[in-house]
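Text of my_file24.cif (mmCIF, C-alpha atoms) as supplied:
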```
data_coords
#
loop_
_atom_site.label_atom_id
_atom_site.label_comp_id
_atom_site.auth_asym_id
_atom_site.auth_seq_id
_atom_site.Cartn_x
_atom_site.Cartn_y
_atom_site.Cartn_z
CA VAL X 1338 111.94 154.80 5.97
CA THR X 1339 111.04 151.82 3.87
CA MET X 1340 113.48 149.68 5.85
CA LEU X 1341 111.94 150.81 9.12
CA GLN X 1342 108.49 150.08 7.80
CA ASN X 1343 109.58 146.62 6.73
CA MET X 1344 111.13 145.96 10.11
CA GLN X 1345 107.99 147.21 11.85
CA GLN X 1346 105.82 144.97 9.67
CA LYS X 1347 108.10 142.00 10.41
CA VAL X 1348 107.90 142.66 14.14
CA THR X 1349 104.13 142.97 13.92
CA GLU X 1350 103.80 139.68 12.05
CA GLU X 1351 106.10 137.90 14.49
CA GLY X 1352 104.03 139.33 17.31
CA LYS X 1353 100.86 137.97 15.74
CA ARG X 1354 102.39 134.51 15.39
CA GLU X 1355 103.62 134.59 18.95
CA LEU X 1356 100.16 135.71 20.13
CA GLU X 1357 98.54 132.86 18.23
CA LEU X 1358 100.92 130.39 19.85
CA PHE X 1359 100.35 131.95 23.27
CA ASP X 1360 96.57 131.84 22.80
CA LYS X 1361 96.77 128.18 21.83
CA PHE X 1362 98.92 127.43 24.85
CA ILE X 1363 96.57 129.32 27.19
CA CYS X 1364 93.65 127.47 25.60
CA TYR X 1365 95.47 124.20 26.26
CA CYS X 1366 96.13 125.29 29.84
CA LYS X 1367 92.48 126.11 30.47
CA THR X 1368 91.17 123.01 28.70
CA SER X 1369 93.64 120.68 30.40
CA GLU X 1370 93.10 122.30 33.78
CA GLY X 1371 89.34 121.92 33.41
CA ALA X 1372 89.68 118.28 32.41
CA LEU X 1373 92.09 117.61 35.26
CA THR X 1374 89.84 119.38 37.76
CA GLN X 1375 86.92 117.23 36.64
CA SER X 1376 89.04 114.07 36.73
CA ILE X 1377 90.25 114.91 40.25
CA SER X 1378 86.69 115.62 41.40
CA ASP X 1379 85.45 112.36 39.88
CA ALA X 1380 88.29 110.42 41.51
CA GLU X 1381 87.60 111.96 44.93
CA SER X 1382 83.90 111.17 44.60
CA LYS X 1383 84.70 107.61 43.52
CA ILE X 1384 87.05 107.09 46.46
CA GLU X 1385 84.44 108.43 48.88
CA SER X 1386 81.73 106.25 47.35
CA PHE X 1387 83.89 103.12 47.28
CA SER X 1388 85.08 103.77 50.84
CA SER X 1389 81.48 103.96 52.06
CA GLU X 1390 80.55 100.86 50.08
CA LEU X 1391 83.65 99.06 51.36
CA LYS X 1392 82.77 99.93 54.96
CA ALA X 1393 79.18 98.71 54.51
CA ALA X 1394 80.34 95.51 52.81
CA SER X 1395 82.87 94.82 55.56
CA GLU X 1396 80.20 95.31 58.23
CA THR X 1397 77.80 93.04 56.36
CA LYS X 1398 80.53 90.41 55.97
CA ALA X 1399 81.32 90.58 59.69
CA GLN X 1400 77.63 90.12 60.55
CA LEU X 1401 77.33 87.22 58.12
CA GLU X 1402 80.39 85.58 59.65
CA ALA X 1403 78.86 85.98 63.13
CA ASP X 1404 75.58 84.49 61.87
CA LEU X 1405 77.52 81.68 60.21
CA LYS X 1406 79.30 80.89 63.47
CA TYR X 1407 75.98 80.90 65.36
CA HIS X 1408 74.21 78.70 62.79
CA THR X 1409 77.11 76.26 62.72
CA ALA X 1410 77.09 75.98 66.52
CA SER X 1411 73.30 75.52 66.50
CA ARG X 1412 73.54 72.81 63.84
CA ASP X 1413 76.27 71.02 65.78
CA ASP X 1414 74.19 71.25 68.96
CA ALA X 1415 71.19 69.78 67.16
CA LYS X 1416 73.32 66.92 65.80
CA ALA X 1417 74.76 66.30 69.27
CA THR X 1418 71.24 66.20 70.71
CA MET X 1419 70.24 63.68 68.05
CA ALA X 1420 73.30 61.53 68.77
CA THR X 1421 72.64 61.61 72.52
CA ALA X 1422 68.96 60.81 72.02
CA THR X 1423 69.83 57.91 69.70
CA SER X 1424 72.32 56.48 72.18
CA LEU X 1425 69.77 56.72 75.00
CA ARG X 1426 67.04 55.21 72.80
CA GLU X 1427 69.26 52.26 71.96
CA LYS X 1428 69.98 51.66 75.65
CA GLU X 1429 66.28 51.96 76.53
CA ALA X 1430 65.30 49.61 73.70
CA ALA X 1431 67.89 47.06 74.80
CA ALA X 1432 66.71 47.30 78.42
CA TYR X 1433 63.10 46.88 77.33
CA ALA X 1434 63.97 43.89 75.14
CA THR X 1435 65.72 42.23 78.09
CA GLU X 1436 62.87 42.98 80.48
CA LYS X 1437 60.25 41.85 77.96
CA ALA X 1438 62.04 38.57 77.27
CA GLU X 1439 62.44 37.91 80.98
CA LEU X 1440 58.82 38.72 81.80
CA GLU X 1441 57.49 36.66 78.92
CA THR X 1442 59.68 33.71 79.95
CA ASN X 1443 58.56 33.96 83.57
CA ILE X 1444 54.89 34.39 82.61
CA ALA X 1445 55.12 31.28 80.44
CA ALA X 1446 56.79 29.34 83.28
CA LEU X 1447 54.08 30.44 85.72
CA GLY X 1448 51.46 29.36 83.24
CA LYS X 1449 53.00 25.91 83.09
CA ALA X 1450 53.17 25.73 86.90
CA VAL X 1451 49.51 26.67 87.24
CA ALA X 1452 48.51 24.17 84.56
CA ALA X 1453 50.48 21.40 86.32
CA LEU X 1454 48.85 22.21 89.63
CA GLU X 1455 45.38 22.32 88.14
CA LYS X 1456 45.96 18.91 86.52
CA GLY X 1457 47.54 17.52 89.68
CA VAL X 1458 50.67 16.41 87.82
CA THR X 1459 53.41 18.35 89.51
CA GLY X 1460 56.07 15.65 89.78
CA GLY X 1461 57.31 15.95 86.24
CA PHE X 1462 56.95 19.75 86.22
CA LEU X 1463 59.15 20.24 89.26
CA GLN X 1464 62.07 18.79 87.29
CA THR X 1465 61.71 21.26 84.43
CA ARG X 1466 63.51 24.54 83.70
CA SER X 1467 60.20 26.35 84.02
CA ALA X 1468 59.93 25.23 87.66
CA SER X 1469 63.48 26.44 88.28
CA LEU X 1470 62.64 29.85 86.76
CA VAL X 1471 59.53 30.23 88.88
CA ARG X 1472 61.44 29.20 91.99
CA SER X 1473 64.18 31.78 91.35
CA TYR X 1474 61.64 34.53 90.70
CA VAL X 1475 59.62 33.76 93.83
CA MET X 1476 62.76 33.58 95.92
CA GLU X 1477 64.48 36.73 94.63
CA ARG X 1478 61.94 39.12 93.15
CA ALA X 1479 58.31 38.35 93.91
CA GLU X 1480 56.70 40.70 96.41
CA LEU X 1481 55.04 38.17 98.75
CA PRO X 1482 54.47 37.77 102.47
CA ASP X 1483 57.09 35.47 103.95
CA GLU X 1484 54.52 32.76 104.71
CA SER X 1485 53.23 32.70 101.12
CA ARG X 1486 56.75 32.72 99.76
CA GLN X 1487 57.69 29.76 101.91
CA GLU X 1488 54.61 27.82 100.82
CA VAL X 1489 55.33 28.35 97.14
CA LEU X 1490 59.02 27.52 97.54
CA ALA X 1491 58.11 24.37 99.48
CA PHE X 1492 55.83 23.30 96.64
CA LEU X 1493 58.42 24.06 93.99
CA SER X 1494 61.00 22.12 95.97
CA GLY X 1495 58.65 19.10 96.33
CA THR X 1496 58.71 19.33 100.12
CA GLN X 1497 55.11 20.48 100.75
CA ALA X 1498 53.37 19.01 103.75
CA GLN X 1499 50.45 16.61 103.74
CA GLY X 1500 47.08 18.07 102.79
CA TYR X 1501 48.26 18.82 99.27
CA VAL X 1502 44.81 19.34 97.77
CA PRO X 1503 43.77 22.31 99.87
CA GLN X 1504 47.26 23.78 99.67
CA SER X 1505 47.38 23.55 95.89
CA GLY X 1506 44.45 25.90 95.49
CA GLU X 1507 46.18 28.53 97.59
CA ILE X 1508 49.42 28.15 95.64
CA ILE X 1509 47.57 28.36 92.36
CA GLY X 1510 46.05 31.65 93.55
CA ILE X 1511 49.45 33.00 94.56
CA LEU X 1512 51.01 32.00 91.22
CA LYS X 1513 48.15 33.50 89.24
CA THR X 1514 48.51 36.73 91.20
CA ILE X 1515 52.23 36.78 90.45
CA GLY X 1516 51.42 36.09 86.78
CA ASP X 1517 48.90 38.95 86.70
CA GLU X 1518 51.44 41.29 88.24
CA MET X 1519 54.01 40.22 85.66
CA GLY X 1520 51.48 40.79 82.89
CA GLN X 1521 50.77 44.25 84.29
CA SER X 1522 54.50 45.00 84.47
CA LEU X 1523 54.90 43.87 80.85
CA SER X 1524 52.01 46.07 79.75
CA GLU X 1525 53.44 49.05 81.57
CA ALA X 1526 56.93 48.43 80.18
CA THR X 1527 55.49 48.12 76.66
CA ALA X 1528 53.49 51.33 77.09
CA THR X 1529 56.61 53.12 78.36
CA GLU X 1530 58.62 51.78 75.42
CA THR X 1531 55.95 52.82 72.91
CA SER X 1532 55.83 56.32 74.41
CA ALA X 1533 59.64 56.54 74.37
CA ILE X 1534 59.70 55.53 70.71
CA GLN X 1535 57.12 58.18 69.81
CA THR X 1536 59.00 60.86 71.78
CA TYR X 1537 62.27 59.85 70.12
CA GLU X 1538 60.80 59.87 66.62
CA ALA X 1539 59.20 63.29 67.21
CA LEU X 1540 62.50 64.67 68.51
CA MET X 1541 64.45 63.24 65.58
CA ALA X 1542 61.96 64.64 63.07
CA ALA X 1543 62.14 68.10 64.65
CA LYS X 1544 65.93 68.09 64.95
CA SER X 1545 66.38 66.73 61.42
CA LYS X 1546 64.28 69.60 60.09
CA GLU X 1547 66.26 72.04 62.24
CA VAL X 1548 69.56 70.68 60.91
CA GLU X 1549 68.26 70.90 57.34
CA VAL X 1550 67.22 74.53 57.77
CA LEU X 1551 70.47 75.46 59.53
CA GLN X 1552 72.55 73.71 56.86
CA SER X 1553 70.74 75.69 54.17
CA GLN X 1554 71.40 78.94 56.05
CA ILE X 1555 75.05 77.98 56.54
CA GLU X 1556 75.55 77.27 52.83
CA ASP X 1557 73.79 80.51 51.85
CA LYS X 1558 75.86 82.62 54.22
CA MET X 1559 79.09 80.89 53.20
CA THR X 1560 78.35 81.80 49.59
CA ARG X 1561 77.52 85.40 50.52
CA VAL X 1562 80.64 85.72 52.67
CA GLY X 1563 82.74 84.41 49.79
CA ASN X 1564 81.17 86.80 47.28
CA LEU X 1565 81.56 89.73 49.64
CA GLY X 1566 85.18 88.81 50.23
CA VAL X 1567 85.83 88.98 46.49
CA ARG X 1568 83.91 92.27 46.19
CA ILE X 1569 85.77 93.80 49.13
CA ALA X 1570 89.11 92.85 47.58
CA GLU X 1571 88.04 94.34 44.24
CA MET X 1572 86.87 97.58 45.88
CA GLY X 1573 90.12 97.80 47.83
CA ASN X 1574 92.10 97.45 44.61
CA ASP X 1575 89.87 100.00 42.85
CA ILE X 1576 90.38 102.48 45.69
CA GLU X 1577 94.16 102.07 45.55
CA ASP X 1578 94.20 102.43 41.75
CA THR X 1579 91.98 105.51 41.94
CA LYS X 1580 94.18 107.05 44.65
CA GLU X 1581 97.24 106.53 42.45
CA ALA X 1582 95.50 108.09 39.46
CA LEU X 1583 94.29 110.97 41.64
CA ALA X 1584 97.80 111.64 42.91
CA GLU X 1585 99.13 111.68 39.33
CA ASP X 1586 96.39 114.08 38.20
CA GLN X 1587 96.98 116.36 41.17
CA LYS X 1588 100.72 116.41 40.48
CA PHE X 1589 100.18 117.07 36.77
CA LYS X 1590 97.69 119.85 37.55
CA GLN X 1591 100.21 121.54 39.84
CA GLU X 1592 102.89 121.27 37.17
CA LEU X 1593 100.47 122.55 34.52
CA GLU X 1594 99.44 125.52 36.65
CA ALA X 1595 103.07 126.34 37.33
CA GLY X 1596 103.96 126.01 33.63
CA CYS X 1597 101.03 128.14 32.51
CA SER X 1598 101.79 130.82 35.08
CA THR X 1599 105.39 130.91 33.91
CA LYS X 1600 104.24 131.15 30.30
CA GLU X 1601 101.91 134.05 31.12
CA ALA X 1602 104.71 135.89 32.87
CA GLU X 1603 107.02 135.29 29.91
CA TRP X 1604 104.31 136.56 27.57
CA GLU X 1605 104.02 139.79 29.51
CA GLU X 1606 107.76 140.30 29.01
CA VAL X 1607 107.45 139.52 25.30
CA LYS X 1608 104.63 142.08 24.96
CA LYS X 1609 106.80 144.73 26.56
CA MET X 1610 109.69 143.96 24.24
CA ARG X 1611 107.42 144.06 21.17
CA ALA X 1612 106.00 147.36 22.29
CA GLU X 1613 109.45 148.82 22.64
CA GLU X 1614 110.48 147.47 19.28
CA LEU X 1615 107.44 149.10 17.69
#
```
As structure tokens, please, write out the structure in this file.
Amino acid sequence: VTMLQNMQQKVTEEGKRELELFDKFICYCKTSEGALTQSISDAESKIESFSSELKAASETKAQLEADLKYHTASRDDAKATMATATSLREKEAAAYATEKAELETNIAALGKAVAALEKGVTGGFLQTRSASLVRSYVMERAELPDESRQEVLAFLSGTQAQGYVPQSGEIIGILKTIGDEMGQSLSEATATETSAIQTYEALMAAKSKEVEVLQSQIEDKMTRVGNLGVRIAEMGNDIEDTKEALAEDQKFKQELEAGCSTKEAEWEEVKKMRAEEL
């Protein structure tokens, strides 16, 4: 009887130890499963959040790149407009300088011709370069009736008819009229040149400001595109790392659940055996 009692006590004590171990294991199963469930939930939430953020960042980057392309094209267009305007202004300035020099030279020559006529000393004048200039202008460019043109050319060639005194007054009048017209042409050309300069300077000021603003926008967007590119790469890496960790947790949870279920089934068998032994 004593031996049976001792055996029964031994079985009971072993059963208690096994129950303590089983309880600890079940506690571990529940604790680990809870921690894994939370870790899996956190990972899924993180992936969803990062995916949304990644999508938004990619869309923002694409818009910034489109803006950058537009601003760059606008800046290049503004620079091209400035270059074209500068080229045209240089040509206009050169044309004006040529016209101004020619008009001033011809006006001075006419002045000398008129002065010679008024003094009645034309012989020496007719041999000068000024006389040659006036003759060429009257012949090729002056808008005169044919009769007046012929009279002036005859004078400048030294072949005028007799009756010089009355003819000289008429020629002086014609030359003064030509001089006045040249002076008017010079004034108009100068006014046109002044207006062109003002228009050019206003255009250059506006386009320079436009280029400055566009350049600032380009630099800002380039910086933002670069930063977003780095952030997108980081988020992509974080998503991949989180997916790997999630897969490991899910696999471990499945293995844990399977192990715990097996242990529970084994424990049921142990309980039956202990009951039979008792």
Query raised in the report: atom CA of Val1475 of chain X to atom CA of Asp1517 of chain X: how many Å, to one decimal?
Result: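 Atom CA of Asp1517 of chain X lies 13.9 Å from atom CA of Val1475 of chain X.
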Report task. Evaluate the PyMOL selection byres ((chain X and resi 1468-1470) around 10) and record the selected residues as an MDAnalysis selection string, following the chain and residue labels used in the document. Result -> chainID X and resid 1439 1442:1447 1449:1450 1459 1461:1467 1471:1476 1493:1494
Under the PyMOL selection byres ((chain X and resi 1394-1397) around 9), which residues of this model are included? Write them out as a short mmCIF file (atom, residue, chain, number, x, y, z; two decimals) with C-alpha atoms, in the coordinates of the input.
```
data_model
loop_
_atom_site.label_atom_id
_atom_site.label_comp_id
_atom_site.auth_asym_id
_atom_site.auth_seq_id
_atom_site.Cartn_x
_atom_site.Cartn_y
_atom_site.Cartn_z
CA SER X 1389 81.48 103.96 52.06
CA GLU X 1390 80.55 100.86 50.08
CA LEU X 1391 83.65 99.06 51.36
CA LYS X 1392 82.77 99.93 54.96
CA ALA X 1393 79.18 98.71 54.51
CA LYS X 1398 80.53 90.41 55.97
CA ALA X 1399 81.32 90.58 59.69
CA GLN X 1400 77.63 90.12 60.55
CA LEU X 1401 77.33 87.22 58.12
CA GLU X 1402 80.39 85.58 59.65
CA VAL X 1562 80.64 85.72 52.67
CA LEU X 1565 81.56 89.73 49.64
CA GLY X 1566 85.18 88.81 50.23
CA ARG X 1568 83.91 92.27 46.19
CA ILE X 1569 85.77 93.80 49.13
#
```
The PyMOL selection byres ((chain X and resi 1587) around 12) applied to the shown file, residues as a PDB file with C-alpha atoms, in the frame of the given file:
```pdb
ATOM      1  CA  GLU X1370      93.100 122.300  33.780  1.00  0.00           C
ATOM      2  CA  ALA X1372      89.680 118.280  32.410  1.00  0.00           C
ATOM      3  CA  LEU X1373      92.090 117.610  35.260  1.00  0.00           C
ATOM      4  CA  THR X1374      89.840 119.380  37.760  1.00  0.00           C
ATOM      5  CA  GLN X1375      86.920 117.230  36.640  1.00  0.00           C
ATOM      6  CA  SER X1376      89.040 114.070  36.730  1.00  0.00           C
ATOM      7  CA  ILE X1377      90.250 114.910  40.250  1.00  0.00           C
ATOM      8  CA  SER X1378      86.690 115.620  41.400  1.00  0.00           C
ATOM      9  CA  ALA X1380      88.290 110.420  41.510  1.00  0.00           C
ATOM     10  CA  GLU X1381      87.600 111.960  44.930  1.00  0.00           C
ATOM     11  CA  THR X1579      91.980 105.510  41.940  1.00  0.00           C
ATOM     12  CA  LYS X1580      94.180 107.050  44.650  1.00  0.00           C
ATOM     13  CA  GLU X1581      97.240 106.530  42.450  1.00  0.00           C
ATOM     14  CA  ALA X1582      95.500 108.090  39.460  1.00  0.00           C
ATOM     15  CA  LEU X1583      94.290 110.970  41.640  1.00  0.00           C
ATOM     16  CA  ALA X1584      97.800 111.640  42.910  1.00  0.00           C
ATOM     17  CA  GLU X1585      99.130 111.680  39.330  1.00  0.00           C
ATOM     18  CA  ASP X1586      96.390 114.080  38.200  1.00  0.00           C
ATOM     19  CA  LYS X1588     100.720 116.410  40.480  1.00  0.00           C
ATOM     20  CA  PHE X1589     100.180 117.070  36.770  1.00  0.00           C
ATOM     21  CA  LYS X1590      97.690 119.850  37.550  1.00  0.00           C
ATOM     22  CA  GLN X1591     100.210 121.540  39.840  1.00  0.00           C
ATOM     23  CA  GLU X1592     102.890 121.270  37.170  1.00  0.00           C
ATOM     24  CA  LEU X1593     100.470 122.550  34.520  1.00  0.00           C
ATOM     25  CA  GLU X1594      99.440 125.520  36.650  1.00  0.00           C
TER      26      GLU X1594
END
```
Report task. Could you check how far atom CA of Phe1492 of chain X sits from atom CA of Gly1506 of chain X, in Å to one decimal? Result ->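 Atom-to-atom, atom CA of Phe1492 of chain X and atom CA of Gly1506 of chain X are spaced 11.7 Å apart.
Atom pair atom CA of Ile1534 of chain X / atom CA of Leu1551 of chain X: separated by 25.3 Å.
Distance check against Ile1508 of chain X using only C-alpha atoms: of X:Glu1556, X:Glu1480, X:Asp1360, X:Glu1455, the minimum falls on X:Glu1455.
Proximity ranking of X:Glu1385, X:Glu1518, X:Glu1606, X:Asp1483 relative to Asp1575 of chain X places X:Glu1385 first, based on all atoms listed in the file.
By chain and then residue number, the residues within 9 Å of segment 1416-1426 of chain X are Ser1411, Arg1412, Ala1430, Ala1431, Ala1533, Ile1534, Tyr1537, Leu1540, Met1541, Lys1544, Ser1545 and Val1548 of chain X, counting all atoms listed in the file and disregarding those fewer than 4 positions away in sequence.
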Query raised in the report: Which of these residues is nearest to Ser1524 of chain X, using all atoms listed in the file: X:Glu1357, X:Glu1547, X:Glu1441, X:Glu1601?
Result: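 The shortest atom-to-atom distance to Ser1524 of chain X comes from X:Glu1441.
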Report summary line: Asp1413 of chain X proximity check over X:Thr1560, X:Glu1605, X:Glu1571, X:Ile1555, using all atoms listed in the file: winner is X:Ile1555
For segment 1574-1592 of chain X, what centre and edge lengths in Å (one decimal) does the axis-aligned box get once 5 Å is added on each side of all its listed atoms, as AutoDock Vina command-line options?
```
--center_x 96.4 --center_y 109.5 --center_z 41.2 --size_x 23.0 --size_y 34.1 --size_z 18.9
```
Report task. Using all atoms listed in the file, find the one residue out of X:Ala1526, X:Ala1570, X:Val1607, X:Leu1512 that sits nearest to Ala1432 of chain X. Result ->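 Residue with the minimum atom-to-atom distance to Ala1432 of chain X: X:Ala1526.
Among the candidate residues X:Phe1359, X:Thr1368, X:Lys1353, X:Gly1573, the one lying nearest to Glu1603 of chain X is X:Phe1359, with distances computed using all atoms listed in the file.
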